[in-house]
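Colleague: This structure is in structure tokens; I'll ask about it shortly.
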Amino acid sequence: MKLDLRPFKTLVKARCGLTFEGSGDEKFAHVLNGRISTLAVDPSEYYARVSGEENEFQELVSLLTINETYFFREPEQIRLLVDRFAPRLLAAHGGMMPVRILSAGCSSGEEPYSLVMALLDKYGESVSRLFTFMGGDIDNAVLAKAKSARYTDFSFRGVSSEMRNRYFDKDQRGNHLKAHVKNLVTFHELNLLADSFPPALSDFDIIFFRNVSIYFDAPTRKIIQRNLASLMREDGILVIGTAETLANDLGELPLVEEEGLFYFIKGKPPLAEFAKPAPPPIFNVLTAPFFSVATPASTALKLEPASPSSHSGNPIGLFVALPAPDLELARQLLRDKRYDEALTQLDAVLAVEPAHTEACLLKAHALVNRKDFAAAGELAQRVLATDTWSIDALLLLGLAAKWRSKSSEAIHYFKQAVYSRHECWPAHYYLADLYRNSGEAELARRAYRVVVQLLSGNEHDLGIKYIPFGLPADEVRFLCEHQLAKLPVGKIMAEPR
């Protein structure tokens, strides 16, 4: 007799929000049948048991959830914590209280321990005084593993051998985290759909909730965001996985962009002025030496006299440090998401050659990430005037329109991109997202399938010449497969023209 999955799926979603649709049914049925076989109970009796016994429900959830994780996953977000969030919050607290950090959906502990190790590298032994770390997960089995802090080699994909040797001891049973790191994290059972939470889980400055929300539908994600906000201080920060962030921009918490990375805030960004770049230095001719000044190669500065109009009230004049045009440096700055510095370099290039195609596109890319969509659009249109099928320009125009909620305009540009270069999977991915949000399920399904197909084979020429979009291919493919499993099946529609 085929087991009816519906009551079990309803129970799991009601208690912890997890959804299993489409291809998820196969796994759900496999887990249920395996559990029924292990317990040697009649299938008709299992529902009463799992719904009435908390331990059995926990066992089922543990078998259903995927707990693949590893140390230092998405390291750019960890660097944002170390280089930006931590200094600001420590300054805001004035040494009066520690910065409280929660890893929600912490699985087997790799994420909270990664945060500890990253901050130990910067603050040393002071970490125990300056920070409080907690991890929470609904799965008691993975919490037990997290507390044991013993890991196989699989968890070390993002760890250098030097750091691994410094923070772990190796024995016949695997890699064991050193006690002074392990003891800095406490773990708690955490169901983000619960009516209340343990008193210890409160007043967090930063919550990491990464690579978890894709298992929930949009209404559930909204509830979870509200609950996470209730665990945060008034100016708390919520960090969600890179591939999930835009899908979680649901109007519950404001979205903030910094250095090309996005996060949510409960109030206002803490001490945001710390992120502002320093103004360029000005040298007065009376004090500046007459011989050439050696400067670091990365700054690429040269001394040039100010324009005559700037000499008013100063007959001697100023020498201003201006960046020498350096396109390669601009490329590297963009790859590092240092957009303000890249814009300075690109402006210097365009001052010499206003129609420089690559500089125009790179500047438009930086401006899109700075949310100056109008200026970015003007530059991209300038390129399209001479190259009608520039994939870079079309993608930038599509993204600018998408961010301004101009869905029809965004679809127009992304469709142009895929017509010009079918292999451009980022354009298909953005189209799929737009179709899904507008309720065009079959069109979304078709676009997601194209992305999965393109990412399953050999590498393709995407047609992107200059822009470092940097979409994580593995995570995008996983997200597409997840969305395909969730999309309702309807009759095939003709694509609108």
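Chains: A, B, ... in order of the structure tokens. Residues: from 1 per chain. Ligands: from 1, in order shown.
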Near Glu459 in chain A, within 12 Å and counting only C-alpha atoms, which residues show up once chain neighbours fewer than 6 positions away are dropped, as a PyMOL selection string?

Modeller: chain A and resi 423-425+453+473

Colleague: Filtering to N, CA, C and O atoms, could you give me those residues as an mmCIF file, in the first residue's frame?

Modeller:
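File produced: again_24.cif:
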data_model
loop_
_atom_site.group_PDB
_atom_site.id
_atom_site.type_symbol
_atom_site.label_atom_id
_atom_site.label_comp_id
_atom_site.auth_asym_id
_atom_site.auth_seq_id
_atom_site.Cartn_x
_atom_site.Cartn_y
_atom_site.Cartn_z
ATOM 1 N N GLU A 423 23.602 30.647 -24.276
ATOM 2 C CA GLU A 423 24.376 30.041 -23.194
ATOM 3 C C GLU A 423 24.523 30.946 -21.976
ATOM 4 O O GLU A 423 25.108 30.540 -20.965
ATOM 5 N N CYS A 424 24.030 32.160 -22.032
ATOM 6 C CA CYS A 424 24.183 33.109 -20.920
ATOM 7 C C CYS A 424 23.215 32.732 -19.802
ATOM 8 O O CYS A 424 22.125 33.297 -19.665
ATOM 9 N N TRP A 425 23.626 31.785 -18.964
ATOM 10 C CA TRP A 425 22.732 31.293 -17.921
ATOM 11 C C TRP A 425 22.355 32.344 -16.873
ATOM 12 O O TRP A 425 21.260 32.257 -16.294
ATOM 13 N N GLN A 453 20.370 22.865 -16.969
ATOM 14 C CA GLN A 453 20.986 22.158 -18.095
ATOM 15 C C GLN A 453 22.340 22.768 -18.450
ATOM 16 O O GLN A 453 23.325 22.048 -18.653
ATOM 17 N N ALA A 473 27.910 29.555 -9.224
ATOM 18 C CA ALA A 473 27.233 28.610 -10.114
ATOM 19 C C ALA A 473 26.626 27.433 -9.356
ATOM 20 O O ALA A 473 25.474 27.044 -9.619
#

Colleague: Name the residues of range 15-231 of chain A that come out as strand (DSSP E) in a backbone DSSP run; write them as an mmCIF file with all heavy atoms, in the first residue's frame.

Modeller:
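Okay, part-v2.cif is ready:
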data_model
loop_
_atom_site.group_PDB
_atom_site.id
_atom_site.type_symbol
_atom_site.label_atom_id
_atom_site.label_comp_id
_atom_site.auth_asym_id
_atom_site.auth_seq_id
_atom_site.Cartn_x
_atom_site.Cartn_y
_atom_site.Cartn_z
ATOM 1 N N VAL A 99 29.536 41.721 22.099
ATOM 2 C CA VAL A 99 28.752 41.617 20.872
ATOM 3 C C VAL A 99 28.196 40.200 20.797
ATOM 4 O O VAL A 99 28.952 39.226 20.863
ATOM 5 C CB VAL A 99 29.619 41.920 19.629
ATOM 6 C CG1 VAL A 99 28.844 41.648 18.346
ATOM 7 C CG2 VAL A 99 30.112 43.356 19.671
ATOM 8 N N ARG A 100 26.894 40.089 20.694
ATOM 9 C CA ARG A 100 26.229 38.780 20.727
ATOM 10 C C ARG A 100 25.938 38.310 19.303
ATOM 11 O O ARG A 100 25.304 39.038 18.522
ATOM 12 C CB ARG A 100 24.948 38.841 21.551
ATOM 13 C CG ARG A 100 25.216 39.041 23.043
ATOM 14 C CD ARG A 100 23.931 39.261 23.833
ATOM 15 N NE ARG A 100 22.955 38.197 23.671
ATOM 16 C CZ ARG A 100 22.995 37.037 24.328
ATOM 17 N NH1 ARG A 100 23.990 36.789 25.183
ATOM 18 N NH2 ARG A 100 22.053 36.136 24.142
ATOM 19 N N ILE A 101 26.377 37.101 18.978
ATOM 20 C CA ILE A 101 26.265 36.554 17.625
ATOM 21 C C ILE A 101 25.571 35.200 17.694
ATOM 22 O O ILE A 101 25.936 34.333 18.482
ATOM 23 C CB ILE A 101 27.660 36.385 16.981
ATOM 24 C CG1 ILE A 101 28.385 37.732 16.931
ATOM 25 C CG2 ILE A 101 27.542 35.798 15.567
ATOM 26 C CD1 ILE A 101 29.824 37.631 16.445
ATOM 27 N N LEU A 102 24.557 35.028 16.835
ATOM 28 C CA LEU A 102 23.820 33.762 16.749
ATOM 29 C C LEU A 102 23.953 33.177 15.350
ATOM 30 O O LEU A 102 23.776 33.881 14.360
ATOM 31 C CB LEU A 102 22.333 33.980 17.069
ATOM 32 C CG LEU A 102 21.399 32.795 16.788
ATOM 33 C CD1 LEU A 102 21.697 31.639 17.746
ATOM 34 C CD2 LEU A 102 19.933 33.222 16.886
ATOM 35 N N SER A 103 24.253 31.896 15.287
ATOM 36 C CA SER A 103 24.171 31.139 14.042
ATOM 37 C C SER A 103 22.880 30.331 14.099
ATOM 38 O O SER A 103 22.784 29.341 14.826
ATOM 39 C CB SER A 103 25.387 30.216 13.887
ATOM 40 O OG SER A 103 25.197 29.332 12.801
ATOM 41 N N ALA A 104 21.849 30.788 13.363
ATOM 42 C CA ALA A 104 20.543 30.123 13.364
ATOM 43 C C ALA A 104 20.514 29.101 12.231
ATOM 44 O O ALA A 104 20.866 29.410 11.101
ATOM 45 C CB ALA A 104 19.431 31.155 13.188
ATOM 46 N N PHE A 131 33.039 38.993 22.698
ATOM 47 C CA PHE A 131 31.958 38.401 21.917
ATOM 48 C C PHE A 131 31.313 37.236 22.670
ATOM 49 O O PHE A 131 31.959 36.564 23.484
ATOM 50 C CB PHE A 131 32.482 37.865 20.571
ATOM 51 C CG PHE A 131 33.130 38.909 19.706
ATOM 52 C CD1 PHE A 131 34.502 39.140 19.783
ATOM 53 C CD2 PHE A 131 32.379 39.668 18.818
ATOM 54 C CE1 PHE A 131 35.114 40.098 18.985
ATOM 55 C CE2 PHE A 131 32.974 40.630 18.027
ATOM 56 C CZ PHE A 131 34.343 40.860 18.110
ATOM 57 N N THR A 132 30.031 37.022 22.368
ATOM 58 C CA THR A 132 29.304 35.845 22.832
ATOM 59 C C THR A 132 28.765 35.119 21.604
ATOM 60 O O THR A 132 28.136 35.751 20.742
ATOM 61 C CB THR A 132 28.136 36.234 23.757
ATOM 62 O OG1 THR A 132 28.656 36.884 24.917
ATOM 63 C CG2 THR A 132 27.344 35.008 24.168
ATOM 64 N N PHE A 133 28.997 33.824 21.506
ATOM 65 C CA PHE A 133 28.596 33.041 20.336
ATOM 66 C C PHE A 133 27.593 31.968 20.733
ATOM 67 O O PHE A 133 27.799 31.245 21.717
ATOM 68 C CB PHE A 133 29.809 32.349 19.698
ATOM 69 C CG PHE A 133 30.910 33.281 19.290
ATOM 70 C CD1 PHE A 133 31.930 33.602 20.177
ATOM 71 C CD2 PHE A 133 30.939 33.844 18.013
ATOM 72 C CE1 PHE A 133 32.962 34.444 19.805
ATOM 73 C CE2 PHE A 133 31.964 34.702 17.642
ATOM 74 C CZ PHE A 133 32.978 35.002 18.533
ATOM 75 N N MET A 134 26.534 31.851 19.942
ATOM 76 C CA MET A 134 25.555 30.787 20.150
ATOM 77 C C MET A 134 25.177 30.176 18.814
ATOM 78 O O MET A 134 25.235 30.830 17.764
ATOM 79 C CB MET A 134 24.303 31.314 20.857
ATOM 80 C CG MET A 134 24.552 31.811 22.265
ATOM 81 S SD MET A 134 23.027 32.229 23.120
ATOM 82 C CE MET A 134 23.685 32.952 24.624
ATOM 83 N N GLY A 135 24.785 28.909 18.856
ATOM 84 C CA GLY A 135 24.264 28.222 17.686
ATOM 85 C C GLY A 135 22.934 27.607 18.010
ATOM 86 O O GLY A 135 22.719 27.138 19.140
ATOM 87 N N GLY A 136 22.019 27.619 17.041
ATOM 88 C CA GLY A 136 20.707 27.029 17.265
ATOM 89 C C GLY A 136 20.246 26.225 16.071
ATOM 90 O O GLY A 136 20.490 26.612 14.924
ATOM 91 N N ASP A 137 19.583 25.099 16.317
ATOM 92 C CA ASP A 137 19.062 24.272 15.238
ATOM 93 C C ASP A 137 17.915 23.432 15.787
ATOM 94 O O ASP A 137 17.886 23.117 16.986
ATOM 95 C CB ASP A 137 20.153 23.363 14.667
ATOM 96 C CG ASP A 137 19.830 22.895 13.253
ATOM 97 O OD1 ASP A 137 18.974 22.005 13.103
ATOM 98 O OD2 ASP A 137 20.433 23.429 12.309
ATOM 99 N N ARG A 150 33.797 17.431 16.429
ATOM 100 C CA ARG A 150 34.695 16.502 15.758
ATOM 101 C C ARG A 150 34.242 16.371 14.306
ATOM 102 O O ARG A 150 33.052 16.108 14.054
ATOM 103 C CB ARG A 150 34.691 15.151 16.453
ATOM 104 C CG ARG A 150 35.764 14.193 15.952
ATOM 105 C CD ARG A 150 35.726 12.892 16.740
ATOM 106 N NE ARG A 150 36.120 13.075 18.127
ATOM 107 C CZ ARG A 150 37.378 13.108 18.554
ATOM 108 N NH1 ARG A 150 38.370 12.970 17.694
ATOM 109 N NH2 ARG A 150 37.645 13.281 19.834
ATOM 110 N N TYR A 151 35.169 16.538 13.361
ATOM 111 C CA TYR A 151 34.786 16.650 11.948
ATOM 112 C C TYR A 151 35.672 15.793 11.055
ATOM 113 O O TYR A 151 36.863 15.574 11.330
ATOM 114 C CB TYR A 151 34.866 18.113 11.502
ATOM 115 C CG TYR A 151 33.937 19.005 12.285
ATOM 116 C CD1 TYR A 151 34.402 19.706 13.402
ATOM 117 C CD2 TYR A 151 32.604 19.120 11.948
ATOM 118 C CE1 TYR A 151 33.545 20.507 14.150
ATOM 119 C CE2 TYR A 151 31.740 19.923 12.684
ATOM 120 C CZ TYR A 151 32.220 20.609 13.784
ATOM 121 O OH TYR A 151 31.372 21.389 14.520
ATOM 122 N N PHE A 168 42.794 22.793 15.163
ATOM 123 C CA PHE A 168 42.284 21.433 15.295
ATOM 124 C C PHE A 168 43.411 20.461 15.680
ATOM 125 O O PHE A 168 44.567 20.645 15.292
ATOM 126 C CB PHE A 168 41.649 20.957 13.975
ATOM 127 C CG PHE A 168 40.393 21.676 13.606
ATOM 128 C CD1 PHE A 168 40.439 22.893 12.933
ATOM 129 C CD2 PHE A 168 39.151 21.150 13.934
ATOM 130 C CE1 PHE A 168 39.284 23.568 12.595
ATOM 131 C CE2 PHE A 168 37.985 21.815 13.596
ATOM 132 C CZ PHE A 168 38.049 23.031 12.925
ATOM 133 N N ASP A 169 43.020 19.445 16.413
ATOM 134 C CA ASP A 169 43.898 18.310 16.695
ATOM 135 C C ASP A 169 43.373 17.108 15.914
ATOM 136 O O ASP A 169 42.147 16.870 15.864
ATOM 137 C CB ASP A 169 43.909 17.988 18.191
ATOM 138 C CG ASP A 169 44.553 19.097 19.012
ATOM 139 O OD1 ASP A 169 45.594 19.619 18.563
ATOM 140 O OD2 ASP A 169 43.999 19.446 20.071
ATOM 141 N N LYS A 170 44.271 16.362 15.314
ATOM 142 C CA LYS A 170 43.854 15.216 14.505
ATOM 143 C C LYS A 170 44.188 13.925 15.231
ATOM 144 O O LYS A 170 45.281 13.774 15.784
ATOM 145 C CB LYS A 170 44.545 15.242 13.141
ATOM 146 C CG LYS A 170 43.985 14.240 12.132
ATOM 147 C CD LYS A 170 44.590 14.450 10.755
ATOM 148 C CE LYS A 170 44.049 13.479 9.735
ATOM 149 N NZ LYS A 170 42.608 13.646 9.501
ATOM 150 N N ASP A 171 43.222 12.995 15.240
ATOM 151 C CA ASP A 171 43.465 11.676 15.792
ATOM 152 C C ASP A 171 42.765 10.648 14.902
ATOM 153 O O ASP A 171 42.278 10.978 13.825
ATOM 154 C CB ASP A 171 42.997 11.583 17.250
ATOM 155 C CG ASP A 171 41.514 11.927 17.422
ATOM 156 O OD1 ASP A 171 40.745 11.699 16.465
ATOM 157 O OD2 ASP A 171 41.135 12.398 18.502
ATOM 158 N N GLY A 174 39.210 11.518 13.650
ATOM 159 C CA GLY A 174 38.947 12.689 12.833
ATOM 160 C C GLY A 174 39.658 13.922 13.350
ATOM 161 O O GLY A 174 40.695 13.837 14.016
ATOM 162 N N ASN A 175 39.089 15.083 13.063
ATOM 163 C CA ASN A 175 39.676 16.366 13.443
ATOM 164 C C ASN A 175 38.851 16.959 14.593
ATOM 165 O O ASN A 175 37.646 17.205 14.434
ATOM 166 C CB ASN A 175 39.662 17.318 12.248
ATOM 167 C CG ASN A 175 40.401 16.739 11.058
ATOM 168 O OD1 ASN A 175 41.607 16.875 10.928
ATOM 169 N ND2 ASN A 175 39.660 16.072 10.164
ATOM 170 N N HIS A 176 39.504 17.201 15.702
ATOM 171 C CA HIS A 176 38.804 17.677 16.898
ATOM 172 C C HIS A 176 39.184 19.121 17.175
ATOM 173 O O HIS A 176 40.363 19.455 17.283
ATOM 174 C CB HIS A 176 39.155 16.800 18.104
ATOM 175 C CG HIS A 176 38.282 17.055 19.285
ATOM 176 N ND1 HIS A 176 38.753 17.118 20.572
ATOM 177 C CD2 HIS A 176 36.951 17.285 19.365
ATOM 178 C CE1 HIS A 176 37.753 17.368 21.403
ATOM 179 N NE2 HIS A 176 36.645 17.470 20.699
ATOM 180 N N LEU A 177 38.167 19.983 17.264
ATOM 181 C CA LEU A 177 38.405 21.405 17.509
ATOM 182 C C LEU A 177 39.031 21.607 18.885
ATOM 183 O O LEU A 177 38.625 20.982 19.871
ATOM 184 C CB LEU A 177 37.073 22.164 17.418
ATOM 185 C CG LEU A 177 37.119 23.681 17.380
ATOM 186 C CD1 LEU A 177 37.809 24.191 16.125
ATOM 187 C CD2 LEU A 177 35.686 24.247 17.443
ATOM 188 N N VAL A 185 31.395 28.574 22.136
ATOM 189 C CA VAL A 185 30.065 28.500 21.531
ATOM 190 C C VAL A 185 29.159 27.626 22.380
ATOM 191 O O VAL A 185 29.535 26.510 22.772
ATOM 192 C CB VAL A 185 30.132 27.919 20.102
ATOM 193 C CG1 VAL A 185 28.749 27.955 19.458
ATOM 194 C CG2 VAL A 185 31.131 28.691 19.248
ATOM 195 N N THR A 186 27.966 28.131 22.673
ATOM 196 C CA THR A 186 26.943 27.311 23.315
ATOM 197 C C THR A 186 25.846 27.029 22.301
ATOM 198 O O THR A 186 25.530 27.874 21.459
ATOM 199 C CB THR A 186 26.340 28.017 24.542
ATOM 200 O OG1 THR A 186 25.767 29.267 24.137
ATOM 201 C CG2 THR A 186 27.405 28.268 25.592
ATOM 202 N N PHE A 187 25.250 25.844 22.383
ATOM 203 C CA PHE A 187 24.258 25.415 21.400
ATOM 204 C C PHE A 187 22.910 25.188 22.071
ATOM 205 O O PHE A 187 22.829 24.731 23.219
ATOM 206 C CB PHE A 187 24.730 24.133 20.702
ATOM 207 C CG PHE A 187 25.935 24.338 19.832
ATOM 208 C CD1 PHE A 187 27.209 24.106 20.332
ATOM 209 C CD2 PHE A 187 25.800 24.785 18.520
ATOM 210 C CE1 PHE A 187 28.331 24.300 19.539
ATOM 211 C CE2 PHE A 187 26.916 24.987 17.723
ATOM 212 C CZ PHE A 187 28.179 24.741 18.223
ATOM 213 N N HIS A 188 21.854 25.513 21.312
ATOM 214 C CA HIS A 188 20.493 25.437 21.844
ATOM 215 C C HIS A 188 19.562 24.873 20.772
ATOM 216 O O HIS A 188 19.744 25.126 19.584
ATOM 217 C CB HIS A 188 19.987 26.822 22.250
ATOM 218 C CG HIS A 188 20.866 27.530 23.232
ATOM 219 N ND1 HIS A 188 20.636 27.522 24.587
ATOM 220 C CD2 HIS A 188 21.997 28.272 23.043
ATOM 221 C CE1 HIS A 188 21.576 28.227 25.200
ATOM 222 N NE2 HIS A 188 22.409 28.695 24.277
ATOM 223 N N GLU A 189 18.562 24.153 21.216
ATOM 224 C CA GLU A 189 17.508 23.733 20.292
ATOM 225 C C GLU A 189 16.713 24.976 19.893
ATOM 226 O O GLU A 189 16.318 25.779 20.742
ATOM 227 C CB GLU A 189 16.593 22.706 20.953
ATOM 228 C CG GLU A 189 15.520 22.180 20.015
ATOM 229 C CD GLU A 189 14.628 21.145 20.677
ATOM 230 O OE1 GLU A 189 15.085 20.473 21.623
ATOM 231 O OE2 GLU A 189 13.451 21.037 20.261
ATOM 232 N N PHE A 204 20.456 39.701 20.317
ATOM 233 C CA PHE A 204 21.611 39.466 19.446
ATOM 234 C C PHE A 204 21.917 40.705 18.603
ATOM 235 O O PHE A 204 21.012 41.379 18.110
ATOM 236 C CB PHE A 204 21.367 38.265 18.532
ATOM 237 C CG PHE A 204 21.386 36.952 19.266
ATOM 238 C CD1 PHE A 204 20.204 36.289 19.554
ATOM 239 C CD2 PHE A 204 22.592 36.406 19.697
ATOM 240 C CE1 PHE A 204 20.213 35.092 20.251
ATOM 241 C CE2 PHE A 204 22.605 35.210 20.394
ATOM 242 C CZ PHE A 204 21.415 34.547 20.673
ATOM 243 N N ASP A 205 23.197 40.979 18.461
ATOM 244 C CA ASP A 205 23.631 42.049 17.565
ATOM 245 C C ASP A 205 23.656 41.586 16.116
ATOM 246 O O ASP A 205 23.346 42.365 15.209
ATOM 247 C CB ASP A 205 25.034 42.523 17.961
ATOM 248 C CG ASP A 205 25.057 43.154 19.336
ATOM 249 O OD1 ASP A 205 24.586 44.299 19.444
ATOM 250 O OD2 ASP A 205 25.524 42.510 20.284
ATOM 251 N N ILE A 206 24.038 40.341 15.907
ATOM 252 C CA ILE A 206 24.149 39.790 14.559
ATOM 253 C C ILE A 206 23.598 38.369 14.563
ATOM 254 O O ILE A 206 23.920 37.568 15.445
ATOM 255 C CB ILE A 206 25.618 39.742 14.073
ATOM 256 C CG1 ILE A 206 26.271 41.115 14.163
ATOM 257 C CG2 ILE A 206 25.704 39.220 12.639
ATOM 258 C CD1 ILE A 206 27.767 41.099 13.886
ATOM 259 N N ILE A 207 22.760 38.075 13.576
ATOM 260 C CA ILE A 207 22.292 36.702 13.376
ATOM 261 C C ILE A 207 22.683 36.259 11.973
ATOM 262 O O ILE A 207 22.393 36.957 10.988
ATOM 263 C CB ILE A 207 20.765 36.581 13.551
ATOM 264 C CG1 ILE A 207 20.369 36.898 14.990
ATOM 265 C CG2 ILE A 207 20.294 35.180 13.171
ATOM 266 C CD1 ILE A 207 18.869 36.837 15.253
ATOM 267 N N PHE A 208 23.366 35.140 11.885
ATOM 268 C CA PHE A 208 23.640 34.504 10.600
ATOM 269 C C PHE A 208 22.584 33.421 10.375
ATOM 270 O O PHE A 208 22.419 32.521 11.205
ATOM 271 C CB PHE A 208 25.042 33.870 10.600
ATOM 272 C CG PHE A 208 26.157 34.862 10.378
ATOM 273 C CD1 PHE A 208 26.582 35.686 11.406
ATOM 274 C CD2 PHE A 208 26.761 34.971 9.137
ATOM 275 C CE1 PHE A 208 27.600 36.601 11.205
ATOM 276 C CE2 PHE A 208 27.785 35.889 8.920
ATOM 277 C CZ PHE A 208 28.206 36.706 9.959
ATOM 278 N N PHE A 209 21.879 33.527 9.256
ATOM 279 C CA PHE A 209 20.831 32.558 8.902
ATOM 280 C C PHE A 209 21.038 32.220 7.428
ATOM 281 O O PHE A 209 20.328 32.696 6.552
ATOM 282 C CB PHE A 209 19.451 33.182 9.158
ATOM 283 C CG PHE A 209 18.294 32.262 8.871
ATOM 284 C CD1 PHE A 209 18.152 31.069 9.557
ATOM 285 C CD2 PHE A 209 17.339 32.603 7.932
ATOM 286 C CE1 PHE A 209 17.073 30.231 9.291
ATOM 287 C CE2 PHE A 209 16.257 31.778 7.673
ATOM 288 C CZ PHE A 209 16.126 30.587 8.359
#

Colleague: Just to confirm, what's the straight-line distance from CA of Ile78 in chain A to CA of Asp203 in chain A in Å (one decimal)?

Modeller: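 Here the two named atoms are 20.5 Å from each other.
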
Colleague: Would you compute the distance between CA of Glu76 in chain A and CA of Gly260 in chain A? Give it in Å to one decimal.

Modeller: 9.9 Å

Colleague: Could you name the residues that touch range 380-395 of chain A at 8 Å or less, counting only C-alpha atoms, but leaving out those on the same chain fewer than 3 positions away, as a PyMOL selection string?

Modeller: chain A and resi 357+360-361+364+376-377+398-399+413-414+416-417+420-421+427+463-467

Colleague: Could those residues be written to a file, using N, CA, C and O atoms, as a tab-separated table (two decimals), in the first residue's frame?

Modeller:
chain	number	residue	atom	x	y	z
A	357	THR	N	34.72	51.53	-24.11
A	357	THR	CA	33.63	50.59	-23.86
A	357	THR	C	33.76	49.88	-22.53
A	357	THR	O	32.80	49.83	-21.73
A	360	CYS	N	33.22	52.18	-19.54
A	360	CYS	CA	31.79	52.53	-19.40
A	360	CYS	C	31.02	51.40	-18.72
A	360	CYS	O	30.23	51.63	-17.80
A	361	LEU	N	31.27	50.16	-19.16
A	361	LEU	CA	30.54	49.03	-18.61
A	361	LEU	C	30.95	48.75	-17.17
A	361	LEU	O	30.10	48.45	-16.32
A	364	ALA	N	29.33	51.31	-15.06
A	364	ALA	CA	27.90	51.01	-14.91
A	364	ALA	C	27.68	49.89	-13.90
A	364	ALA	O	26.75	49.93	-13.09
A	376	ALA	N	23.86	54.41	-14.22
A	376	ALA	CA	24.31	53.14	-14.78
A	376	ALA	C	23.63	52.86	-16.11
A	376	ALA	O	24.26	52.42	-17.08
A	377	GLY	N	22.33	53.15	-16.17
A	377	GLY	CA	21.58	52.93	-17.40
A	377	GLY	C	22.08	53.79	-18.55
A	377	GLY	O	22.15	53.34	-19.71
A	398	GLY	N	19.05	45.13	-17.46
A	398	GLY	CA	18.04	44.27	-16.86
A	398	GLY	C	18.09	44.30	-15.34
A	398	GLY	O	17.05	44.37	-14.67
A	399	LEU	N	19.30	44.27	-14.79
A	399	LEU	CA	19.43	44.31	-13.33
A	399	LEU	C	18.95	45.65	-12.76
A	399	LEU	O	18.29	45.69	-11.72
A	413	TYR	N	15.14	43.21	-21.42
A	413	TYR	CA	16.60	43.21	-21.59
A	413	TYR	C	17.18	41.81	-21.40
A	413	TYR	O	18.10	41.41	-22.14
A	414	PHE	N	16.68	41.06	-20.43
A	414	PHE	CA	17.21	39.71	-20.22
A	414	PHE	C	16.87	38.81	-21.41
A	414	PHE	O	17.68	37.95	-21.79
A	416	GLN	N	16.55	39.83	-24.49
A	416	GLN	CA	17.49	40.21	-25.54
A	416	GLN	C	18.84	39.52	-25.34
A	416	GLN	O	19.47	39.07	-26.30
A	417	ALA	N	19.25	39.42	-24.09
A	417	ALA	CA	20.54	38.79	-23.80
A	417	ALA	C	20.52	37.31	-24.17
A	417	ALA	O	21.47	36.80	-24.79
A	420	SER	N	20.52	36.78	-27.89
A	420	SER	CA	21.85	37.02	-28.45
A	420	SER	C	22.82	35.90	-28.10
A	420	SER	O	23.66	35.51	-28.92
A	421	ARG	N	22.71	35.38	-26.86
A	421	ARG	CA	23.63	34.34	-26.41
A	421	ARG	C	22.85	33.37	-25.52
A	421	ARG	O	22.69	33.60	-24.33
A	427	ALA	N	21.34	35.33	-17.43
A	427	ALA	CA	20.14	35.98	-17.96
A	427	ALA	C	18.93	35.06	-17.80
A	427	ALA	O	17.83	35.51	-17.43
A	463	GLY	N	29.21	35.10	-23.19
A	463	GLY	CA	29.10	36.36	-23.93
A	463	GLY	C	29.43	37.56	-23.09
A	463	GLY	O	29.39	38.69	-23.58
A	464	ILE	N	29.73	37.34	-21.80
A	464	ILE	CA	30.07	38.45	-20.90
A	464	ILE	C	31.56	38.75	-21.07
A	464	ILE	O	32.40	37.90	-20.78
A	465	LYS	N	31.87	39.94	-21.50
A	465	LYS	CA	33.26	40.28	-21.81
A	465	LYS	C	33.98	40.94	-20.64
A	465	LYS	O	35.18	40.73	-20.44
A	466	TYR	N	33.28	41.76	-19.88
A	466	TYR	CA	33.98	42.61	-18.92
A	466	TYR	C	33.46	42.53	-17.49
A	466	TYR	O	34.23	42.73	-16.55
A	467	ILE	N	32.18	42.31	-17.31
A	467	ILE	CA	31.58	42.51	-15.99
A	467	ILE	C	31.81	41.30	-15.08
A	467	ILE	O	31.48	40.18	-15.45

Colleague: Quick check, in Å to one decimal: how far apart do CA of Ala29 in chain A and CA of Leu63 in chain A lie?

Modeller: 11.4 Å

Colleague: Step one, run DSSP on the backbone; step two, keep only residues of range 147-212 of chain A assigned to alpha helix (DSSP H); then write them as a list in words.

Modeller: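 Restricting range 147-212 of chain A to alpha helix (DSSP H) produces Lys147, Ser148, Ser161, Glu162, Met163, Arg164, Asn165, Arg166, Tyr167, Ala179, His180, Val181 and Lys182 of chain A.
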
Colleague: Here is a test: counting only C-alpha atoms, which residue of A:Tyr430, A:Phe72, A:Phe469, A:Phe373 is nearest to Ser114 in chain A?

Modeller: A:Phe72

Colleague: Wanna dump the range 144-238 of chain A-range 105-110 of chain A contacts at 8 Å for me, each residue with its shortest atom pair and the distance in Å to one decimal, counting only C-alpha atoms, ordered by chain and number, as a tab-separated table?

Modeller:
residue	atom	partner	partner_atom	distance
A:Ala144	CA	A:Ser108	CA	7.7
A:Lys145	CA	A:Ser108	CA	5.5
A:Ala146	CA	A:Ser108	CA	4.3
A:Lys147	CA	A:Gly109	CA	7.6
A:Ala149	CA	A:Gly109	CA	7.3
A:Ser155	CA	A:Glu110	CA	7.5
A:Leu190	CA	A:Gly105	CA	7.9
A:Phe209	CA	A:Gly105	CA	6.4
A:Arg210	CA	A:Gly105	CA	7.6
A:Val212	CA	A:Gly105	CA	6.6

Colleague: Find the residues around Leu32 in chain A up to 10 Å (only C-alpha atoms counted), leave out those fewer than 3 positions away in its own chain, and share them as a ChimeraX atom specification.

Modeller: /A:3,5,8,27-29,35-38,43,46-47,60,63-64
